>>> print(open('upload.cif').read())   # mmCIF, C-alpha atoms and all ligand atoms
data_target
loop_
_atom_site.label_atom_id
_atom_site.label_comp_id
_atom_site.auth_asym_id
_atom_site.auth_seq_id
_atom_site.Cartn_x
_atom_site.Cartn_y
_atom_site.Cartn_z
CA ILE G 1 75.09 16.06 87.33
CA PRO G 2 76.71 16.03 83.89
CA LEU G 3 74.38 16.59 80.97
CA ASP G 4 73.45 13.86 78.53
CA LEU G 5 73.81 15.97 75.39
CA GLU G 6 72.36 13.41 72.98
CA GLN G 7 69.23 13.20 75.08
CA PHE G 8 69.16 16.98 75.42
CA PHE G 9 69.26 17.47 71.64
CA SER G 10 66.75 14.78 70.80
CA VAL G 11 64.23 16.45 73.12
CA LEU G 12 64.96 19.89 71.69
CA ILE G 13 64.67 18.72 68.09
CA SER G 14 61.38 16.94 68.65
CA GLU G 15 60.00 20.03 70.37
CA GLN G 16 60.99 22.22 67.43
CA GLN G 17 59.55 19.72 64.96
CA GLN G 18 56.27 19.61 66.82
CA PHE G 19 56.09 23.36 66.92
CA PHE G 20 56.93 23.83 63.26
CA SER G 21 55.00 20.70 62.22
CA ASP G 22 57.84 19.08 60.28
CA ARG G 23 58.46 21.98 57.95
CA HIS G 24 62.15 21.15 57.87
CA GLU G 25 64.28 18.07 57.81
CA PHE G 26 66.52 17.89 60.87
CA ILE G 27 69.59 15.70 60.66
CA PHE G 28 71.41 15.13 63.91
CA ASN G 29 74.64 13.28 64.31
CA SER G 30 77.20 13.07 67.02
CA SER G 31 80.70 11.76 67.33
CA GLY G 32 83.52 11.66 69.81
CA ASN G 33 83.21 11.76 73.54
CA HIS G 34 80.85 14.36 74.94
CA LYS G 35 80.49 12.75 78.30
CA GLY G 36 81.43 14.80 81.31
CA PHE G 37 79.98 18.05 80.03
CA TRP G 38 78.38 20.30 82.61
CA GLY G 39 76.27 23.30 81.77
CA ASP G 40 73.23 25.27 82.78
CA GLN G 41 70.23 23.56 81.19
CA GLY G 42 68.17 26.73 80.97
CA LEU G 43 70.92 28.69 79.23
CA LEU G 44 71.74 25.79 76.93
CA ARG G 45 68.10 25.57 75.90
CA LEU G 46 68.16 29.28 75.16
CA ILE G 47 71.31 28.95 73.06
CA PHE G 48 70.16 26.04 70.94
CA SER G 49 66.51 26.98 70.59
CA ASN G 50 67.61 30.41 69.31
CA LEU G 51 69.91 28.82 66.73
CA MET G 52 67.29 26.28 65.65
CA THR G 53 64.62 28.96 65.37
CA ASN G 54 66.93 31.01 63.15
CA ALA G 55 67.75 28.02 60.95
CA ILE G 56 64.03 27.32 60.53
CA LYS G 57 62.97 30.92 60.10
CA TYR G 58 65.59 31.81 57.49
CA SER G 59 65.43 28.71 55.33
CA PRO G 60 62.76 27.41 52.98
CA GLN G 61 60.10 24.90 53.82
CA GLY G 62 61.50 21.40 53.43
CA GLY G 63 65.05 22.70 53.88
CA LYS G 64 67.65 20.50 55.45
CA ILE G 65 69.05 21.52 58.83
CA GLU G 66 72.13 19.63 59.95
CA LEU G 67 73.17 19.54 63.57
CA HIS G 68 76.46 18.07 64.52
CA LEU G 69 77.85 17.43 67.95
CA THR G 70 81.36 16.31 68.58
CA GLY G 71 83.17 15.79 71.83
CA GLN G 72 86.85 16.18 72.48
CA GLU G 73 89.02 15.80 75.53
CA SER G 74 88.40 19.25 76.93
CA GLU G 75 85.51 20.71 74.92
CA VAL G 76 82.34 19.95 73.01
CA ILE G 77 81.78 21.47 69.58
CA PHE G 78 78.33 21.95 68.15
CA SER G 79 77.38 23.18 64.70
CA ILE G 80 74.11 23.92 62.97
CA GLN G 81 73.97 24.38 59.23
CA ASP G 82 71.02 25.39 57.10
CA GLN G 83 70.38 25.86 53.39
CA GLY G 84 68.60 29.15 53.76
CA ILE G 85 68.77 32.73 52.59
CA GLY G 86 72.16 33.39 54.17
CA ILE G 87 73.39 36.80 55.27
CA PRO G 88 74.73 39.57 53.01
CA ILE G 89 78.52 39.86 53.52
CA GLU G 90 78.31 43.50 54.62
CA ASP G 91 75.82 42.58 57.38
CA GLN G 92 77.84 39.74 58.84
CA THR G 93 80.06 41.67 61.25
CA ASN G 94 77.46 43.13 63.61
CA LEU G 95 74.96 40.30 63.96
CA PHE G 96 75.89 39.57 67.56
CA GLN G 97 75.03 43.16 68.55
CA PRO G 98 71.55 43.68 70.06
CA PHE G 99 68.86 44.65 67.53
CA CYS G 100 71.08 44.04 64.48
CA ARG G 101 69.33 42.30 61.61
CA GLY G 102 70.34 41.46 58.06
CA SER G 103 69.16 43.69 55.22
CA ASN G 104 67.52 40.66 53.55
CA VAL G 105 65.06 39.83 56.34
CA ASP G 106 62.65 42.78 56.11
CA THR G 107 59.64 40.55 55.54
CA ILE G 108 60.55 38.02 58.25
CA PRO G 109 59.66 39.08 61.79
CA GLY G 110 62.28 39.23 64.53
CA THR G 111 63.76 41.57 67.13
CA GLY G 112 67.46 41.06 66.41
CA LEU G 113 68.18 39.94 69.98
CA GLY G 114 68.50 36.18 69.52
CA LEU G 115 72.19 36.04 68.59
CA ALA G 116 73.16 38.65 71.19
CA ILE G 117 71.47 36.55 73.89
CA THR G 118 73.00 33.39 72.47
CA LYS G 119 76.51 34.84 72.49
CA ALA G 120 76.13 36.07 76.08
CA CYS G 121 74.96 32.62 77.22
CA VAL G 122 77.85 30.92 75.38
CA GLU G 123 80.32 33.27 77.02
CA LEU G 124 78.82 32.59 80.45
CA HIS G 125 79.88 28.99 79.81
CA GLY G 126 83.38 30.14 78.87
CA GLY G 127 82.73 29.21 75.25
CA SER G 128 82.91 30.83 71.82
CA ILE G 129 80.56 31.23 68.86
CA THR G 130 81.31 31.80 65.18
CA LEU G 131 79.09 32.28 62.16
CA GLU G 132 79.83 31.63 58.50
CA SER G 133 77.30 32.46 55.84
CA GLN G 134 76.97 32.53 52.07
CA PRO G 135 74.14 34.69 50.73
CA ASP G 136 71.47 32.48 49.09
CA GLN G 137 73.38 29.33 50.07
CA GLY G 138 73.09 28.94 53.80
CA THR G 139 74.48 29.66 57.22
CA LYS G 140 76.57 27.69 59.66
CA VAL G 141 76.97 28.55 63.32
CA THR G 142 79.59 26.80 65.41
CA ILE G 143 79.80 26.79 69.18
CA CYS G 144 82.66 25.51 71.34
CA LEU G 145 81.96 24.91 75.00
CA PRO G 146 84.71 23.84 77.38
CA LYS G 147 84.35 20.91 79.73
CA GLN G 148 85.95 23.21 82.21
CA HIS G 149 84.58 21.61 85.35
CA ILE G 150 87.13 18.86 84.93
CA GLN G 151 90.00 19.45 87.27
CA GLU G 152 92.90 17.22 87.99
CA SER G 153 92.79 16.09 91.56
CA SER G 154 96.11 16.51 93.26
P1 LIG Y 1 65.01 37.32 67.24
O1 LIG Y 1 65.44 38.25 68.30
O2 LIG Y 1 63.57 37.04 67.20
O3 LIG Y 1 65.86 36.08 67.22
P2 LIG Y 1 66.33 37.79 64.73
O4 LIG Y 1 66.24 36.36 64.33
O5 LIG Y 1 66.18 38.81 63.67
O6 LIG Y 1 65.28 38.11 65.86
P3 LIG Y 1 68.98 37.17 65.67
O7 LIG Y 1 68.61 35.78 65.98
O8 LIG Y 1 69.83 37.93 66.63
O9 LIG Y 1 67.70 38.10 65.46
O10 LIG Y 1 69.71 37.21 64.28
C1 LIG Y 1 70.20 38.46 63.79
C2 LIG Y 1 70.14 38.48 62.28
O11 LIG Y 1 71.08 37.54 61.78
C3 LIG Y 1 68.82 38.05 61.69
O12 LIG Y 1 67.93 39.15 61.62
C4 LIG Y 1 69.23 37.56 60.31
O13 LIG Y 1 69.43 38.67 59.44
C5 LIG Y 1 70.59 36.96 60.58
N1 LIG Y 1 70.53 35.50 60.79
C6 LIG Y 1 70.69 34.84 61.95
N2 LIG Y 1 70.64 33.50 61.75
C7 LIG Y 1 70.45 33.32 60.43
C8 LIG Y 1 70.33 32.16 59.59
N3 LIG Y 1 70.38 30.93 60.09
N4 LIG Y 1 70.16 32.38 58.26
C9 LIG Y 1 70.11 33.63 57.75
N5 LIG Y 1 70.20 34.76 58.48
C10 LIG Y 1 70.38 34.59 59.80
MG MG Y 2 66.68 34.89 65.85
#
>>> encode(input="upload.cif", output="structure tokens")
Amino acid sequence: IPLDLEQFFSVLISEQQQFFSDRHEFIFNSSGNHKGFWGDQGLLRLIFSNLMTNAIKYSPQGGKIELHLTGQESEVIFSIQDQGIGIPIEDQTNLFQPFCRGSNVDTIPGTGLGLAITKACVELHGGSITLESQPDQGTKVTICLPKQHIQESS
């Protein structure tokens, strides 16, 4: 069955908020048509919980975390933006490699596997992931996932 993405995200966000006891302000909005999207629920949970955990972990208490979902004809686009510590420019190229971590996160625990796992799961869906970050300003991760199950019947 196709996934109800709005429902999916509202569950995920409330789980994260429970776990982190409202340390951050989540803002979720969606636009466009994201009906007819099929994906593996387990992998999608992995993708988005990794990104939410990063946004929480690397931004200050009370920080705003914006999640945006938009649906187009043939793909859904999701972005998550935080107002956190950002990533030094020179560290930004290798972050999707296993065990790579930024030089500014020494005091914050992590294994450096989250983004590598996330990228692999996105690619298993035929999608793509990009990251933009400004040191001391924040980070934005964008994911495009195709609605590739849709096939014209002949
Ligand atoms: P874990 O395996 O527990 O997720 P991690 O968070 O260190 O550990 P990744 O999620 O792969 O590993 O992220 C890799 C690195 O990218 C992080 O160590 C951090 O330096 C940087 N990073 C990722 N997301 C953010 C973010 N939202 N803000 C700032 N830095 C980030
Ligand atoms: Mg992580």
>>> residues_near_ligand(input="upload.cif", ligand="ligand MG 2 (chain Y)", cutoff="12 Å", atoms="all atoms listed in the file", output="PyMOL selection string")
chain G and resi 46-58+95-96+98-102+105+108-119
>>> residues_around(input="upload.cif", residues="region 88-90 of chain G", least_positions_apart="6", cutoff="10 Å", atoms="only C-alpha atoms", output="ChimeraX atom specification")
/G:102-104,132-136
>>> atom_distance(input="upload.cif", atom1="CA of Cys144 (chain G)", atom2="CA of Ser30 (chain G)")
14.3 Å
>>> closest_residue(input="upload.cif", among="G:Val76, G:Leu43, G:Ile129, G:Ile143", to="Glu6 (chain G)", atoms="all atoms listed in the file")
G:Val76
>>> closest_residue(input="upload.cif", among="G:Asp82, G:Glu15, G:Glu75, G:Asp40", to="Ile27 (chain G)", atoms="only C-alpha atoms")
G:Asp82
>>> atom_distance(input="upload.cif", atom1="CA of Val141 (chain G)", atom2="CA of Gly32 (chain G)")
19.2 Å
>>> closest_residue(input="upload.cif", among="G:Leu5, G:Ala120, G:Ile87, G:Leu145", to="ligand LIG 1 (chain Y)", atoms="all atoms listed in the file")
G:Ile87
>>> residues_around(input="upload.cif", residues="Asn33 (chain G)", least_positions_apart="3", cutoff="8 Å", atoms="only C-alpha atoms", output="PyMOL selection string")
chain G and resi 70-73
>>> write_last_selection(input="upload.cif", atoms="C-alpha atoms", output="compact mmCIF listing (two decimals), in the coordinates of the input")
# COMPACT_ATOMS: atom_id res chain seq x y z
CA THR G 70 81.36 16.31 68.58
CA GLY G 71 83.17 15.79 71.83
CA GLN G 72 86.85 16.18 72.48
CA GLU G 73 89.02 15.80 75.53
>>> closest_residue(input="upload.cif", among="G:Pro146, G:Ile85, G:Gln17, G:Glu123", to="ligand LIG 1 (chain Y)", atoms="all atoms listed in the file")
G:Ile85
>>> atom_distance(input="upload.cif", atom1="atom C10 of ligand LIG 1 (chain Y)", atom2="CA of Lys64 (chain G)")
15.0 Å
>>> closest_residue(input="upload.cif", among="G:Cys121, G:Leu131, G:Gly138, G:Gly126", to="Ile65 (chain G)", atoms="all atoms listed in the file")
G:Gly138
>>> closest_residue(input="upload.cif", among="G:Gln7, G:Ser128, G:Gln148, G:Thr107", to="ligand LIG 1 (chain Y)", atoms="all atoms listed in the file")
G:Thr107
>>> decode(input="upload.cif", residues="region 20-40 of chain G", atoms="N, CA and C atoms", output="JSON list (two decimals), in the first residue's frame")
[["chain", "number", "residue", "atom", "x", "y", "z"],
["G", 20, "PHE", "N", 13.13, 13.29, 23.43],
["G", 20, "PHE", "CA", 13.98, 14.42, 23.80],
["G", 20, "PHE", "C", 13.23, 15.45, 24.64],
["G", 21, "SER", "N", 12.08, 15.05, 25.15],
["G", 21, "SER", "CA", 11.24, 15.87, 26.03],
["G", 21, "SER", "C", 11.19, 17.35, 25.61],
["G", 22, "ASP", "N", 10.79, 17.56, 24.38],
["G", 22, "ASP", "CA", 10.52, 18.92, 23.87],
["G", 22, "ASP", "C", 11.69, 19.87, 23.97],
["G", 23, "ARG", "N", 12.89, 19.36, 23.77],
["G", 23, "ARG", "CA", 14.05, 20.25, 23.83],
["G", 23, "ARG", "C", 14.14, 21.17, 22.62],
["G", 24, "HIS", "N", 13.47, 20.78, 21.55],
["G", 24, "HIS", "CA", 13.52, 21.58, 20.33],
["G", 24, "HIS", "C", 12.12, 21.85, 19.80],
["G", 25, "GLU", "N", 12.04, 22.88, 19.00],
["G", 25, "GLU", "CA", 10.77, 23.21, 18.39],
["G", 25, "GLU", "C", 10.74, 22.65, 16.96],
["G", 26, "PHE", "N", 9.88, 21.67, 16.74],
["G", 26, "PHE", "CA", 9.75, 21.10, 15.40],
["G", 26, "PHE", "C", 8.65, 21.83, 14.64],
["G", 27, "ILE", "N", 8.96, 22.21, 13.43],
["G", 27, "ILE", "CA", 7.94, 22.82, 12.57],
["G", 27, "ILE", "C", 7.83, 21.96, 11.32],
["G", 28, "PHE", "N", 6.66, 21.41, 11.12],
["G", 28, "PHE", "CA", 6.47, 20.55, 9.95],
["G", 28, "PHE", "C", 5.46, 21.17, 9.01],
["G", 29, "ASN", "N", 5.81, 21.27, 7.76],
["G", 29, "ASN", "CA", 4.79, 21.66, 6.79],
["G", 29, "ASN", "C", 4.94, 20.87, 5.51],
["G", 30, "SER", "N", 3.84, 20.73, 4.84],
["G", 30, "SER", "CA", 3.88, 19.95, 3.60],
["G", 30, "SER", "C", 3.06, 20.65, 2.52],
["G", 31, "SER", "N", 3.47, 20.43, 1.30],
["G", 31, "SER", "CA", 2.76, 21.03, 0.18],
["G", 31, "SER", "C", 2.81, 20.08, -1.01],
["G", 32, "GLY", "N", 2.03, 20.38, -1.99],
["G", 32, "GLY", "CA", 2.04, 19.58, -3.20],
["G", 32, "GLY", "C", 1.35, 18.24, -3.01],
["G", 33, "ASN", "N", 1.56, 17.38, -3.94],
["G", 33, "ASN", "CA", 0.90, 16.08, -3.92],
["G", 33, "ASN", "C", 1.92, 14.98, -3.63],
["G", 34, "HIS", "N", 1.86, 14.43, -2.41],
["G", 34, "HIS", "CA", 2.76, 13.33, -2.11],
["G", 34, "HIS", "C", 2.01, 12.01, -1.98],
["G", 35, "LYS", "N", 0.86, 11.99, -2.59],
["G", 35, "LYS", "CA", 0.13, 10.72, -2.63],
["G", 35, "LYS", "C", 0.81, 9.80, -3.65],
["G", 36, "GLY", "N", 0.62, 8.52, -3.45],
["G", 36, "GLY", "CA", 1.16, 7.57, -4.42],
["G", 36, "GLY", "C", 2.64, 7.31, -4.24],
["G", 37, "PHE", "N", 3.14, 7.58, -3.03],
["G", 37, "PHE", "CA", 4.55, 7.27, -2.77],
["G", 37, "PHE", "C", 4.65, 5.92, -2.07],
["G", 38, "TRP", "N", 5.52, 5.07, -2.60],
["G", 38, "TRP", "CA", 5.74, 3.77, -2.00],
["G", 38, "TRP", "C", 7.17, 3.70, -1.51],
["G", 39, "GLY", "N", 7.35, 3.13, -0.32],
["G", 39, "GLY", "CA", 8.71, 2.98, 0.18],
["G", 39, "GLY", "C", 8.72, 1.95, 1.27],
["G", 40, "ASP", "N", 9.91, 1.57, 1.68],
["G", 40, "ASP", "CA", 10.05, 0.61, 2.76],
["G", 40, "ASP", "C", 10.00, 1.35, 4.09]]
